[in-house]
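Student: Please find work_23.txt (compact mmCIF, C-alpha atoms) on the next line:
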# COMPACT_ATOMS: atom_id res chain seq x y z
CA MET A 6 -117.18 -59.03 108.43
CA LEU A 7 -115.14 -57.50 105.62
CA PHE A 8 -113.74 -60.94 104.75
CA LEU A 9 -117.24 -62.42 104.69
CA ILE A 10 -118.43 -59.73 102.26
CA TYR A 11 -115.25 -60.29 100.18
CA PHE A 12 -115.88 -64.04 99.89
CA LEU A 13 -119.59 -63.56 99.18
CA LEU A 14 -118.78 -61.13 96.36
CA LEU A 15 -116.03 -63.47 95.16
CA PHE A 16 -118.33 -66.46 94.75
CA LEU A 17 -121.07 -64.29 93.28
CA VAL A 18 -118.76 -62.96 90.55
CA VAL A 19 -117.28 -66.43 89.92
CA GLY A 20 -120.81 -67.83 89.56
CA ILE A 21 -121.81 -65.11 87.08
CA VAL A 22 -118.63 -65.60 85.03
CA ARG A 23 -119.06 -69.39 84.93
CA VAL A 24 -122.71 -69.20 83.88
CA SER A 25 -121.97 -66.65 81.15
CA SER A 26 -119.05 -68.70 79.76
CA ARG A 27 -120.90 -72.06 79.94
CA LYS A 28 -121.19 -72.46 76.17
CA ARG A 29 -117.57 -71.55 75.50
CA LEU A 30 -116.40 -74.04 78.13
CA ALA A 31 -118.65 -76.75 76.70
CA ASP A 32 -116.74 -76.41 73.41
CA LEU A 33 -113.61 -77.46 75.27
CA VAL A 34 -115.00 -80.90 76.11
CA VAL A 35 -113.90 -83.33 73.43
CA THR A 36 -115.34 -86.70 72.44
CA VAL A 37 -113.03 -89.44 71.22
CA PRO A 38 -113.71 -92.77 69.52
CA GLU A 39 -113.62 -95.81 71.79
CA ILE A 40 -110.56 -97.18 70.04
CA ASN A 41 -108.47 -94.27 71.37
CA ALA A 42 -110.22 -93.97 74.73
CA VAL A 43 -107.53 -95.59 76.89
CA THR A 44 -104.73 -93.41 75.55
CA ALA A 45 -106.92 -90.29 75.64
CA ARG A 46 -107.93 -90.99 79.25
CA ARG A 47 -104.29 -91.48 80.23
CA PHE A 48 -103.44 -88.18 78.58
CA ALA A 49 -106.34 -86.36 80.25
CA ARG A 50 -105.33 -87.83 83.62
CA SER A 51 -101.72 -86.65 83.19
CA ILE A 52 -103.01 -83.16 82.35
CA MET A 53 -105.19 -83.16 85.46
CA LEU A 54 -102.28 -84.36 87.63
CA ARG A 55 -100.02 -81.65 86.21
CA ASN A 56 -102.63 -78.96 86.92
CA ILE A 57 -103.33 -80.17 90.44
CA GLY A 58 -99.57 -80.53 91.07
CA GLY A 59 -99.00 -76.91 90.07
CA LEU A 60 -101.84 -75.66 92.26
CA ALA A 61 -100.77 -77.82 95.20
CA ALA A 62 -97.19 -76.53 94.96
CA GLY A 63 -98.55 -72.97 94.95
CA GLY A 64 -100.72 -73.75 97.97
CA VAL A 65 -97.77 -75.16 99.92
CA VAL A 66 -95.67 -72.06 99.17
CA LEU A 67 -98.56 -69.82 100.22
CA TRP A 68 -98.84 -71.70 103.54
CA ALA A 69 -95.04 -71.64 104.09
CA LEU A 70 -94.80 -67.89 103.47
CA ASP A 71 -97.67 -67.28 105.87
CA ARG A 72 -95.77 -69.25 108.54
CA ILE A 73 -92.58 -67.30 107.80
CA ASN A 74 -94.54 -64.06 108.09
CA GLN A 75 -95.82 -65.08 111.51
CA ALA A 76 -92.36 -66.18 112.65
CA GLN A 77 -90.64 -63.00 111.47
CA PRO A 78 -92.62 -59.96 112.66
CA SER A 79 -89.51 -57.82 112.12
CA TRP A 80 -89.97 -58.24 108.34
CA TYR A 81 -93.11 -56.09 108.59
CA GLY A 82 -95.41 -58.34 106.54
CA LEU A 83 -93.10 -58.56 103.51
CA PRO A 84 -93.48 -62.40 103.14
CA LEU A 85 -97.27 -62.08 103.27
CA MET A 86 -97.27 -59.35 100.62
CA LEU A 87 -95.13 -61.47 98.28
CA ALA A 88 -96.94 -64.75 99.05
CA PRO A 89 -99.51 -64.79 96.18
CA GLY A 90 -96.87 -63.91 93.58
CA VAL A 91 -94.21 -66.36 94.83
CA ALA A 92 -96.85 -69.12 95.12
CA ALA A 93 -97.96 -68.44 91.54
CA VAL A 94 -94.35 -68.48 90.26
CA ILE A 95 -93.65 -71.86 91.91
CA GLY A 96 -97.03 -73.21 90.75
CA LEU A 97 -96.34 -72.10 87.16
CA LEU A 98 -92.86 -73.66 87.20
CA VAL A 99 -94.24 -77.01 88.45
CA PHE A 100 -97.00 -76.72 85.81
CA ALA A 101 -94.50 -75.97 83.02
CA LEU A 102 -91.96 -78.62 83.94
CA SER A 103 -94.39 -81.52 84.43
CA PRO A 104 -94.37 -83.94 81.47
CA THR A 105 -97.74 -84.53 79.78
CA ARG A 106 -96.91 -86.26 76.52
CA ILE A 107 -99.17 -88.92 75.10
CA VAL A 108 -97.16 -92.12 75.09
CA THR A 109 -98.16 -94.20 72.07
CA ASP A 110 -96.37 -96.56 69.74
CA ARG A 111 -94.16 -94.64 67.35
CA SER A 112 -95.97 -94.80 64.04
CA ARG A 113 -93.99 -95.26 60.80
CA ARG A 114 -95.97 -92.42 59.23
CA ARG A 115 -96.12 -89.14 61.18
CA SER A 116 -97.57 -85.77 60.30
CA ALA A 117 -97.12 -82.16 61.38
CA ASP A 118 -98.95 -78.89 60.91
CA LEU A 119 -97.21 -76.09 59.02
CA VAL A 120 -98.85 -73.44 61.22
CA PRO A 121 -96.49 -72.11 63.89
CA ARG A 122 -97.64 -72.43 67.50
CA ARG A 123 -96.84 -69.29 69.46
CA VAL A 124 -97.26 -68.43 73.14
CA TRP A 125 -100.35 -66.35 72.31
CA THR A 126 -101.93 -68.86 69.89
CA TYR A 127 -104.36 -70.40 72.39
CA GLY A 128 -106.05 -67.36 73.89
CA PRO A 129 -107.58 -64.02 72.91
CA ALA A 130 -105.18 -61.07 72.49
CA TRP A 131 -106.76 -59.12 75.36
CA GLY A 132 -106.14 -62.08 77.66
CA PHE A 133 -102.40 -61.46 77.30
CA LEU A 134 -102.36 -57.67 76.84
CA LEU A 135 -104.46 -56.76 79.90
CA PRO A 136 -102.26 -58.63 82.40
CA LEU A 137 -99.16 -57.19 80.72
CA CYS A 138 -100.55 -53.64 81.08
CA ALA A 139 -101.50 -54.44 84.70
CA ALA A 140 -97.95 -55.65 85.41
CA VAL A 141 -96.50 -52.44 83.93
CA ALA A 142 -98.97 -50.41 86.03
CA VAL A 143 -97.86 -52.27 89.19
CA VAL A 144 -94.20 -51.47 88.47
CA VAL A 145 -95.04 -47.79 87.77
CA PHE A 146 -97.07 -47.60 91.00
CA ALA A 147 -94.22 -49.20 92.99
CA VAL A 148 -91.79 -46.58 91.65
CA ILE A 149 -94.18 -43.68 92.41
CA ALA A 150 -94.87 -45.07 95.91
CA GLY A 151 -91.13 -45.51 96.44
CA LEU A 152 -90.51 -41.87 95.53
CA ALA A 153 -93.36 -40.74 97.82
CA ALA A 154 -92.18 -42.85 100.76
CA SER A 155 -90.36 -41.62 103.82
CA THR A 156 -88.18 -43.42 106.35
CA PRO A 157 -89.17 -44.32 109.89
CA PRO A 158 -86.35 -44.38 112.48
CA ASP A 159 -85.04 -47.77 111.28
CA GLY A 160 -84.18 -46.25 107.89
CA ALA A 161 -86.33 -48.52 105.65
CA PHE A 162 -88.58 -46.75 103.16
CA ARG A 163 -91.93 -48.00 104.44
CA SER A 164 -93.81 -44.92 105.68
CA ILE A 165 -95.46 -41.89 104.16
CA THR A 166 -95.27 -38.38 105.58
CA ILE A 167 -97.93 -35.80 104.72
CA GLY A 168 -97.41 -32.46 106.43
CA SER A 169 -96.30 -33.27 109.94
CA ARG A 170 -97.98 -36.68 110.15
CA THR A 171 -96.29 -39.97 109.29
CA ALA A 172 -98.14 -43.26 108.77
CA GLY A 173 -97.14 -46.80 107.83
CA PRO A 174 -96.80 -49.44 106.63
CA TYR A 175 -96.59 -47.82 103.20
CA PRO A 176 -95.31 -49.62 100.05
CA GLY A 177 -92.12 -47.55 99.71
CA TRP A 178 -88.85 -49.01 98.46
CA TYR A 179 -88.79 -51.54 101.33
CA TYR A 180 -91.81 -53.30 99.75
CA GLY A 181 -91.50 -51.77 96.26
CA VAL A 182 -88.15 -53.26 95.21
CA PRO A 183 -89.18 -56.89 96.01
CA LEU A 184 -92.56 -56.11 94.42
CA ILE A 185 -90.92 -55.02 91.14
CA GLY A 186 -88.62 -58.06 91.19
CA LEU A 187 -91.55 -60.39 91.85
CA THR A 188 -93.60 -58.86 89.02
CA VAL A 189 -90.74 -59.39 86.56
CA LEU A 190 -90.27 -62.97 87.86
CA LEU A 191 -94.00 -63.67 87.51
CA ALA A 192 -94.01 -62.36 83.94
CA ALA A 193 -91.00 -64.56 83.09
CA ALA A 194 -92.60 -67.65 84.69
CA THR A 195 -95.84 -66.99 82.79
CA LEU A 196 -93.98 -66.65 79.50
CA PHE A 197 -92.06 -69.85 80.23
CA ALA A 198 -95.26 -71.78 81.02
CA LEU A 199 -96.99 -70.46 77.88
CA GLY A 200 -93.92 -71.38 75.83
CA ARG A 201 -94.04 -74.93 77.18
CA ILE A 202 -97.75 -75.21 76.32
CA ALA A 203 -97.12 -74.06 72.74
CA SER A 204 -93.99 -76.13 72.15
CA ALA A 205 -95.31 -79.45 73.52
CA ALA A 206 -95.42 -82.17 70.86
CA ARG A 207 -98.66 -82.50 68.93
CA PRO A 208 -100.19 -85.96 69.42
CA GLU A 209 -100.81 -87.83 66.19
CA HIS A 210 -104.46 -88.90 66.69
CA PHE A 211 -105.89 -86.35 69.12
CA ASP A 212 -106.14 -83.05 67.27
CA GLU A 213 -109.23 -81.74 69.06
CA LEU A 214 -108.24 -83.02 72.48
CA ASP A 215 -104.79 -81.50 72.03
CA ARG A 216 -106.29 -78.12 71.12
CA ALA A 217 -108.74 -78.22 74.06
CA VAL A 218 -105.93 -79.10 76.47
CA ARG A 219 -103.72 -76.27 75.19
CA VAL A 220 -106.59 -73.73 75.41
CA LEU A 221 -107.47 -74.87 78.94
CA ALA A 222 -103.80 -74.81 80.01
CA THR A 223 -103.38 -71.28 78.62
CA ARG A 224 -106.50 -70.20 80.55
CA VAL A 225 -105.11 -71.73 83.76
CA VAL A 226 -101.72 -70.05 83.34
CA MET A 227 -103.13 -66.61 82.48
CA GLN A 228 -105.82 -66.70 85.18
CA LEU A 229 -103.36 -67.89 87.83
CA SER A 230 -100.64 -65.36 87.00
CA SER A 231 -103.10 -62.46 86.55
CA GLY A 232 -104.98 -63.49 89.70
CA ALA A 233 -101.77 -63.54 91.75
CA LEU A 234 -100.69 -60.19 90.28
CA PHE A 235 -104.06 -58.62 91.13
CA LEU A 236 -104.12 -60.18 94.61
CA TYR A 237 -100.77 -58.78 95.70
CA SER A 238 -101.17 -55.46 93.89
CA GLY A 239 -104.67 -55.13 95.40
CA GLY A 240 -103.18 -55.75 98.84
CA VAL A 241 -100.45 -53.19 98.20
CA LEU A 242 -103.03 -50.61 97.07
CA LEU A 243 -105.10 -51.25 100.21
CA VAL A 244 -102.06 -50.79 102.45
CA ALA A 245 -100.99 -47.67 100.52
CA GLY A 246 -104.50 -46.20 100.70
CA TRP A 247 -104.82 -46.90 104.39
CA ALA A 248 -101.44 -45.28 105.19
CA THR A 249 -102.11 -42.28 102.92
CA ARG A 250 -105.54 -41.71 104.56
CA ASN A 251 -104.03 -41.97 108.05
CA ALA A 252 -101.23 -39.55 107.24
CA ALA A 253 -103.57 -37.08 105.53
CA ILE A 254 -106.26 -36.98 108.21
CA THR A 255 -105.74 -35.28 111.54
CA PHE A 256 -108.17 -35.99 114.36
CA LEU A 257 -109.07 -32.76 116.13
CA PRO A 258 -110.45 -32.38 119.66
CA GLY A 259 -114.24 -32.71 119.68
CA GLY A 260 -114.32 -35.66 117.26
CA THR A 261 -113.85 -33.59 114.09
CA THR A 262 -111.19 -34.32 111.46
CA SER A 263 -109.04 -32.20 109.20
CA ALA A 264 -107.95 -33.74 105.90
CA VAL A 265 -105.01 -32.67 103.75
CA GLN A 266 -106.23 -32.69 100.15
CA PRO A 267 -105.72 -34.14 97.59
CA ALA A 268 -103.75 -36.77 99.58
CA ALA A 269 -106.81 -37.88 101.60
CA ALA A 270 -108.91 -38.29 98.44
CA PHE A 271 -106.05 -40.12 96.75
CA GLY A 272 -105.85 -42.50 99.71
CA LEU A 273 -109.56 -43.19 99.41
CA ILE A 274 -109.19 -43.91 95.68
CA GLU A 275 -106.32 -46.31 96.45
CA LEU A 276 -108.51 -48.09 99.03
CA GLY A 277 -111.43 -48.45 96.61
CA THR A 278 -109.21 -49.56 93.72
CA GLY A 279 -107.38 -52.00 96.01
CA LEU A 280 -110.66 -53.63 97.04
CA ILE A 281 -111.78 -54.06 93.42
CA VAL A 282 -108.36 -55.31 92.26
CA ALA A 283 -108.10 -57.79 95.16
CA LEU A 284 -111.62 -59.03 94.37
CA LEU A 285 -110.69 -59.47 90.71
CA GLY A 286 -107.54 -61.33 91.78
CA GLY A 287 -109.51 -63.73 93.96
CA VAL A 288 -112.01 -64.33 91.14
CA LEU A 289 -109.23 -65.15 88.67
CA VAL A 290 -107.46 -67.53 91.07
CA ILE A 291 -110.72 -69.44 91.71
CA LEU A 292 -111.43 -69.55 87.96
CA SER A 293 -107.94 -70.95 87.37
CA ILE A 294 -108.55 -73.67 89.99
CA LEU A 295 -111.89 -74.54 88.33
CA ASP A 296 -110.28 -74.70 84.88
CA ALA A 297 -107.31 -76.70 86.19
CA THR A 298 -109.61 -79.37 87.60
CA ARG A 299 -111.79 -79.45 84.50
CA GLN A 300 -111.84 -82.70 82.54
CA PRO A 301 -111.31 -82.01 78.80
CA LEU A 302 -112.30 -85.54 77.81
CA GLY A 303 -116.02 -86.00 77.38
CA ARG A 304 -118.08 -88.87 76.12
CA VAL A 305 -116.43 -91.85 74.40
CA TYR A 306 -118.34 -93.29 71.45
CA PRO A 307 -117.95 -96.61 69.60
CA ALA A 308 -115.41 -96.41 66.77
CA ARG A 309 -118.00 -97.05 64.04
CA ALA A 310 -120.89 -95.14 65.58
CA SER A 311 -120.26 -91.89 63.81
CA THR A 312 -117.72 -91.55 61.07
CA THR A 313 -118.31 -87.81 60.91
CA SER A 314 -117.44 -87.36 64.57
CA ALA A 315 -114.51 -89.68 64.26
CA ALA A 316 -113.20 -87.72 61.33
CA SER A 317 -113.34 -84.55 63.36
CA THR A 318 -111.29 -85.96 66.23
CA GLN A 319 -109.05 -88.38 64.49
CA GLN A 320 -106.51 -86.99 62.17
CA SER A 321 -106.19 -88.65 58.79
CA MET B 20 -99.89 -80.34 56.88
CA ILE B 21 -96.91 -82.50 55.93
CA ALA B 22 -96.14 -86.13 56.69
CA ILE B 23 -93.06 -88.31 56.73
CA ASP B 24 -93.12 -92.02 56.03
CA GLU B 25 -90.22 -94.12 57.30
CA ASP B 26 -91.12 -96.90 54.87
CA GLN B 27 -90.28 -94.69 51.91
CA ALA B 28 -86.80 -94.88 50.39
CA THR B 29 -86.62 -91.08 50.27
CA PRO B 30 -84.84 -89.70 53.38
CA PRO B 31 -87.02 -87.67 55.84
CA PHE B 32 -85.28 -84.35 55.10
CA GLU B 33 -86.07 -84.76 51.38
CA GLN B 34 -89.70 -85.69 52.14
CA ILE B 35 -90.06 -82.48 54.19
CA ARG B 36 -88.28 -80.37 51.56
CA ALA B 37 -90.39 -81.74 48.70
CA GLN B 38 -93.73 -81.32 50.50
CA VAL B 39 -93.00 -77.76 51.67
CA ALA B 40 -91.71 -76.83 48.20
CA ASP B 41 -94.85 -78.29 46.58
CA GLN B 42 -97.12 -76.35 48.93
CA ILE B 43 -95.25 -73.10 48.26
CA ARG B 44 -95.40 -73.59 44.47
CA ALA B 45 -99.07 -74.60 44.62
CA GLY B 46 -99.91 -71.48 46.63
CA SER B 47 -101.08 -73.40 49.72
CA LEU B 48 -98.38 -71.56 51.65
CA ARG B 49 -98.74 -67.86 50.87
CA ALA B 50 -95.95 -65.33 50.37
CA ASP B 51 -94.55 -64.04 53.68
CA GLN B 52 -96.39 -66.77 55.61
CA ARG B 53 -94.43 -67.83 58.66
CA LEU B 54 -93.40 -71.48 58.87
CA PRO B 55 -93.14 -73.36 62.17
CA SER B 56 -89.83 -73.32 63.97
CA MET B 57 -87.46 -76.20 63.26
CA ARG B 58 -87.91 -77.33 66.85
CA GLN B 59 -91.71 -77.45 66.57
CA LEU B 60 -91.61 -79.41 63.32
CA ALA B 61 -88.97 -81.79 64.66
CA THR B 62 -90.95 -82.35 67.89
CA ASP B 63 -94.20 -83.06 66.01
CA LEU B 64 -92.56 -85.36 63.45
CA GLN B 65 -90.42 -87.04 66.16
CA ILE B 66 -87.20 -86.51 64.24
CA ALA B 67 -83.93 -84.69 64.96
CA THR B 68 -83.94 -80.89 64.67
CA GLY B 69 -80.94 -81.23 62.34
CA THR B 70 -83.11 -83.11 59.81
CA VAL B 71 -85.59 -80.20 59.64
CA ALA B 72 -82.69 -77.73 59.56
CA ARG B 73 -81.30 -79.57 56.51
CA ALA B 74 -84.68 -79.39 54.73
CA TYR B 75 -85.06 -75.68 55.54
CA ALA B 76 -81.49 -75.01 54.35
CA ALA B 77 -82.26 -76.70 51.02
CA LEU B 78 -85.48 -74.68 50.67
CA GLU B 79 -83.59 -71.48 51.44
CA ALA B 80 -80.89 -72.36 48.91
CA ALA B 81 -83.66 -72.87 46.31
CA GLY B 82 -84.94 -69.37 47.10
CA LEU B 83 -88.32 -70.60 48.37
CA ILE B 84 -88.01 -69.45 51.98
CA SER B 85 -85.96 -66.93 53.90
CA THR B 86 -84.83 -67.10 57.50
CA SER B 87 -83.98 -64.17 59.72
CA ARG B 88 -83.31 -63.98 63.43
CA GLY B 89 -86.17 -61.58 64.13
CA SER B 90 -89.01 -62.80 61.94
CA GLY B 91 -88.27 -66.53 61.76
CA THR B 92 -88.68 -68.60 58.62
CA ARG B 93 -91.03 -67.16 56.00
CA VAL B 94 -92.16 -68.03 52.48
CA ARG B 95 -90.54 -65.75 49.89
CA ALA B 96 -92.77 -63.80 47.54
CA GLY B 97 -93.12 -64.75 43.85
CA GLN B 98 -92.52 -68.49 44.30
CA CYS B 99 -96.04 -69.63 43.48
CA ILE B 100 -96.76 -71.14 40.05
CA ASP B 101 -99.25 -69.01 38.07
CA ASP B 102 -102.97 -69.84 38.12
CA GLU B 103 -103.12 -71.00 34.50
CA SER B 104 -100.32 -73.55 34.97
CA ARG B 105 -101.95 -74.82 38.16
CA ALA B 106 -105.29 -75.18 36.37
CA SER B 107 -103.56 -77.16 33.57
CA ALA B 108 -101.88 -79.38 36.16
CA ARG B 109 -105.26 -79.96 37.84
CA LEU B 110 -106.87 -81.00 34.53
CA PHE B 111 -103.94 -83.30 33.74
CA THR B 112 -104.11 -84.87 37.24
CA GLN B 113 -107.87 -85.38 37.03
CA ALA B 114 -107.53 -87.09 33.65
CA LEU B 115 -104.82 -89.45 34.93
CA HIS B 116 -106.79 -90.14 38.13
CA ARG B 117 -109.72 -91.27 35.99
CA ARG B 118 -107.42 -93.62 34.09
CA GLY B 119 -105.99 -95.00 37.35
CA VAL B 120 -102.41 -93.89 36.65
CA SER B 121 -100.10 -93.78 39.70
CA LEU B 122 -98.23 -90.62 40.81
CA ASP B 123 -94.85 -92.10 39.85
CA ASP B 124 -96.10 -92.99 36.35
CA ALA B 125 -97.69 -89.55 35.98
CA LEU B 126 -94.42 -87.85 36.95
CA SER B 127 -92.49 -90.10 34.52
CA ALA B 128 -94.88 -89.09 31.76
CA VAL B 129 -94.39 -85.41 32.60
CA ARG B 130 -90.60 -85.79 32.67
CA ALA B 131 -90.61 -87.59 29.32
CA GLU B 132 -92.82 -84.97 27.68
CA TRP B 133 -90.80 -82.20 29.30
CA SER B 134 -87.50 -83.42 27.87
CA ARG B 135 -89.14 -84.00 24.47
CA GLY B 136 -90.45 -80.42 24.57
CA ASN B 137 -86.98 -79.09 25.43
CA ASN B 138 -85.34 -81.08 22.63
CA SER B 139 -87.80 -80.10 19.91
Please rewrite the model in this file as structure tokens.

Tutor:
Amino acid sequence: MLFLIYFLLLFLVVGIVRVSSRKRLADLVVTVPEINAVTARRFARSIMLRNIGGLAAGGVVLWALDRINQAQPSWYGLPLMLAPGVAAVIGLLVFALSPTRIVTDRSRRRSADLVPRRVWTYGPAWGFLLPLCAAVAVVVFAVIAGLAASTPPDGAFRSITIGSRTAGPYPGWYYGVPLIGLTVLLAAATLFALGRIASAARPEHFDELDRAVRVLATRVVMQLSSGALFLYSGGVLLVAGWATRNAAITFLPGGTTSAVQPAAAFGLIELGTGLIVALLGGVLVILSILDATRQPLGRVYPARASTTSAASTQQS
Amino acid sequence: MIAIDEDQATPPFEQIRAQVADQIRAGSLRADQRLPSMRQLATDLQIATGTVARAYAALEAAGLISTSRGSGTRVRAGQCIDDESRASARLFTQALHRRGVSLDDALSAVRAEWSRGNNS
């Protein structure tokens, strides 16, 4: 039931976001003159293949880690917790390392822009700063949870003790250390992918298409990495909230409960925040899939039909 | 925007150097403006990074740009020709354009008048 509500909310939010950003996305569909259509189509197809390849690689890793999690119950769900992040890292690496250059005859006269292309050139500043702040918050939370954790008899820091009650699983050091490592790895993979987008060669005759492809690719990378970050950190918050609530609440005879405050309230906040963060993560991952499968190449028009349009797409 | 033409006798590094220098002197590239990395320029122009490095080194030696590890390659301040000189150059160019004079002939005329002005 909870999953059904989650998916309903997920598709509702995705629908709202897509409708509200319809105009902005329409600007990313480029028209090219017929004379360049074959090359442009080949380029757009290679971009699509790269995007789908990255997502498929991520999907395979997600499936494999789920299987490992089922095969290794003694790892206490660690592979499942790391799955979204590891899948995103592998997906981003496949995305970044796939070649997408336009192959055309080498012209005798070639031009270049004197404006530097940086990793943050193709997206709004908040699109990079918010995920960065979220990643820092995840690391800070993992450290705090690690310090608050206690050890069950096997010695791993994956429980929390409040008063005389102990509950788990709790994201102590057992989950926290891999979580911190994964967050750093995800940030590095994101930076690498953005660097590859910015440093790719600029095609000679496809200025607008090139810009649209770079903007779309930046959106895919940032949505995928932020979505994965929010998915696993949302999951961690849910687990932490559940364990904190269980450890803070004592069930008394007669059906009444006694809660240790503020731990019980804090657990509830973690649960609520975890639900919202996981929902946001799911929304971002779906948006990245939609952007990755989006065709940047729109209508093709005859070379002499509109000189104005041609001038805007074809560099002099 | 700069362009290189392989059909020209001038080597690519000199074409890059001359175009960047012209844009700095004309004020198209502002003081402290960051230039693209050598790798970006080389990738876009489909030439060796060493060719761009040679052009940047010549521009740095001429005092037009400065390169530092932290802030990359930037245009140095005070390299732009003053507004009055640029306006004179514009008038001169427009006049020669109207008469159908080529760039090479226009530059020859400037050089000849320049040396005459220095000698007088």

Student: Fewer than 5 positions away in the same chain doesn't count, so skip those; otherwise give me all residues within 7 Å of region 228-236 of chain A, counting all atoms listed in the file, as an NGL selection string.

Tutor: :A and (89-90 or 93 or 136 or 191 or 195 or 282-283 or 285-287 or 289-290 or 292-293)

Student: Given only C-alpha atoms as the basis, pick out the residue of B:Arg88, B:Arg93, B:His116, B:Arg44 nearest to chain A.

Tutor: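 Using only C-alpha atoms, chain A sits closest to B:Arg93.
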
Student: Please produce, as a tab-separated table, a per-residue contact table for chain A versus chain B (criterion: any atom at most 6 Å away, only C-alpha atoms considered), showing the nearest atom pair and its distance in Å to one decimal, sorted by chain then residue number.

Tutor:
residue	atom	partner	partner_atom	distance
A:Arg113	CA	B:Glu25	CA	5.3
A:Arg114	CA	B:Asp24	CA	4.3
A:Arg115	CA	B:Ala22	CA	5.4
A:Ser116	CA	B:Ala22	CA	3.9
A:Ala117	CA	B:Ile21	CA	5.5
A:Asp118	CA	B:Met20	CA	4.4
A:Leu119	CA	B:Met20	CA	5.5
A:Val120	CA	B:Pro55	CA	5.8
A:Pro121	CA	B:Pro55	CA	4.0
A:Ala206	CA	B:Asp63	CA	5.1
A:Arg207	CA	B:Asp63	CA	5.4

Student: May I ask for the distance between CA of Ile10 (chain A) and CA of Gly132 (chain A), given in Å to one decimal place?

Tutor: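 Separation of CA of Ile10 (chain A) and CA of Gly132 (chain A): 27.6 Å.
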
Student: Here is a test: counting all atoms listed in the file, which residue of B:Ala125, B:Asp51, B:Ala72, B:Ala28 is nearest to Ala108 (chain B)?

Tutor: B:Ala125

Student: Which polymer residues, protein or nucleic acid, are no farther than 10 Å from (-101.1, -76.9, 39.8), counting all atoms listed in the file, as JSON, numbers by chain?

Tutor: {"B": [41, 42, 44, 45, 46, 99, 100, 101, 102, 103, 104, 105, 106, 107, 108, 109, 110, 111, 112]}

Student: Counting only C-alpha atoms, find the residues whose atoms lie at most 10 Å from (-88.4, -78.2, 51.1) (file coordinates) and write them out as a PDB file with C-alpha atoms, in the coordinates of the input.

Tutor:
ATOM      1  CA  PHE B  32     -85.280 -84.350  55.100  1.00  0.00           C
ATOM      2  CA  GLU B  33     -86.070 -84.760  51.380  1.00  0.00           C
ATOM      3  CA  GLN B  34     -89.700 -85.690  52.140  1.00  0.00           C
ATOM      4  CA  ILE B  35     -90.060 -82.480  54.190  1.00  0.00           C
ATOM      5  CA  ARG B  36     -88.280 -80.370  51.560  1.00  0.00           C
ATOM      6  CA  ALA B  37     -90.390 -81.740  48.700  1.00  0.00           C
ATOM      7  CA  GLN B  38     -93.730 -81.320  50.500  1.00  0.00           C
ATOM      8  CA  VAL B  39     -93.000 -77.760  51.670  1.00  0.00           C
ATOM      9  CA  ALA B  40     -91.710 -76.830  48.200  1.00  0.00           C
ATOM     10  CA  ASP B  41     -94.850 -78.290  46.580  1.00  0.00           C
ATOM     11  CA  GLN B  42     -97.120 -76.350  48.930  1.00  0.00           C
ATOM     12  CA  ILE B  43     -95.250 -73.100  48.260  1.00  0.00           C
ATOM     13  CA  VAL B  71     -85.590 -80.200  59.640  1.00  0.00           C
ATOM     14  CA  ARG B  73     -81.300 -79.570  56.510  1.00  0.00           C
ATOM     15  CA  ALA B  74     -84.680 -79.390  54.730  1.00  0.00           C
ATOM     16  CA  TYR B  75     -85.060 -75.680  55.540  1.00  0.00           C
ATOM     17  CA  ALA B  76     -81.490 -75.010  54.350  1.00  0.00           C
ATOM     18  CA  ALA B  77     -82.260 -76.700  51.020  1.00  0.00           C
ATOM     19  CA  LEU B  78     -85.480 -74.680  50.670  1.00  0.00           C
ATOM     20  CA  GLU B  79     -83.590 -71.480  51.440  1.00  0.00           C
ATOM     21  CA  ALA B  80     -80.890 -72.360  48.910  1.00  0.00           C
ATOM     22  CA  ALA B  81     -83.660 -72.870  46.310  1.00  0.00           C
ATOM     23  CA  LEU B  83     -88.320 -70.600  48.370  1.00  0.00           C
ATOM     24  CA  ILE B  84     -88.010 -69.450  51.980  1.00  0.00           C
TER      25      ILE B  84
END

Student: List the neighbours of Val218 (chain A) out to 8 Å using all atoms listed in the file; skip same-chain residues closer than 6 positions along the sequence, and give me the result as number ranges by chain.

Tutor: A: 33, 52, 301

Student: Would you compute the distance between CA of Val37 (chain A) and CA of Leu214 (chain A)? Give it in Å to one decimal.

Tutor: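 One can read the CA of Val37 (chain A) to CA of Leu214 (chain A) distance as 8.1 Å.
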
Student: To one decimal place, how far is CA of Ala130 (chain A) from CA of Arg201 (chain A) in Å?

Tutor: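 For CA of Ala130 (chain A) relative to CA of Arg201 (chain A), the distance reads 18.4 Å.
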
Student: Please provide the set of residues having any atom within 7 Å of region 239-251 of chain A, restricted to all atoms listed in the file, with same-chain residues fewer than 6 positions apart removed, written as an mmCIF file with C-alpha atoms, in the frame of the given file.

Tutor:
data_model
loop_
_atom_site.group_PDB
_atom_site.id
_atom_site.type_symbol
_atom_site.label_atom_id
_atom_site.label_comp_id
_atom_site.auth_asym_id
_atom_site.auth_seq_id
_atom_site.Cartn_x
_atom_site.Cartn_y
_atom_site.Cartn_z
ATOM 1 C CA ILE A 165 -95.460 -41.890 104.160
ATOM 2 C CA ALA A 172 -98.140 -43.260 108.770
ATOM 3 C CA GLY A 173 -97.140 -46.800 107.830
ATOM 4 C CA PRO A 174 -96.800 -49.440 106.630
ATOM 5 C CA TYR A 175 -96.590 -47.820 103.200
ATOM 6 C CA PRO A 176 -95.310 -49.620 100.050
ATOM 7 C CA ALA A 268 -103.750 -36.770 99.580
ATOM 8 C CA ALA A 269 -106.810 -37.880 101.600
ATOM 9 C CA GLY A 272 -105.850 -42.500 99.710
ATOM 10 C CA LEU A 273 -109.560 -43.190 99.410
ATOM 11 C CA GLU A 275 -106.320 -46.310 96.450
ATOM 12 C CA LEU A 276 -108.510 -48.090 99.030
ATOM 13 C CA GLY A 279 -107.380 -52.000 96.010
ATOM 14 C CA LEU A 280 -110.660 -53.630 97.040
ATOM 15 C CA VAL A 282 -108.360 -55.310 92.260
ATOM 16 C CA ALA A 283 -108.100 -57.790 95.160
#
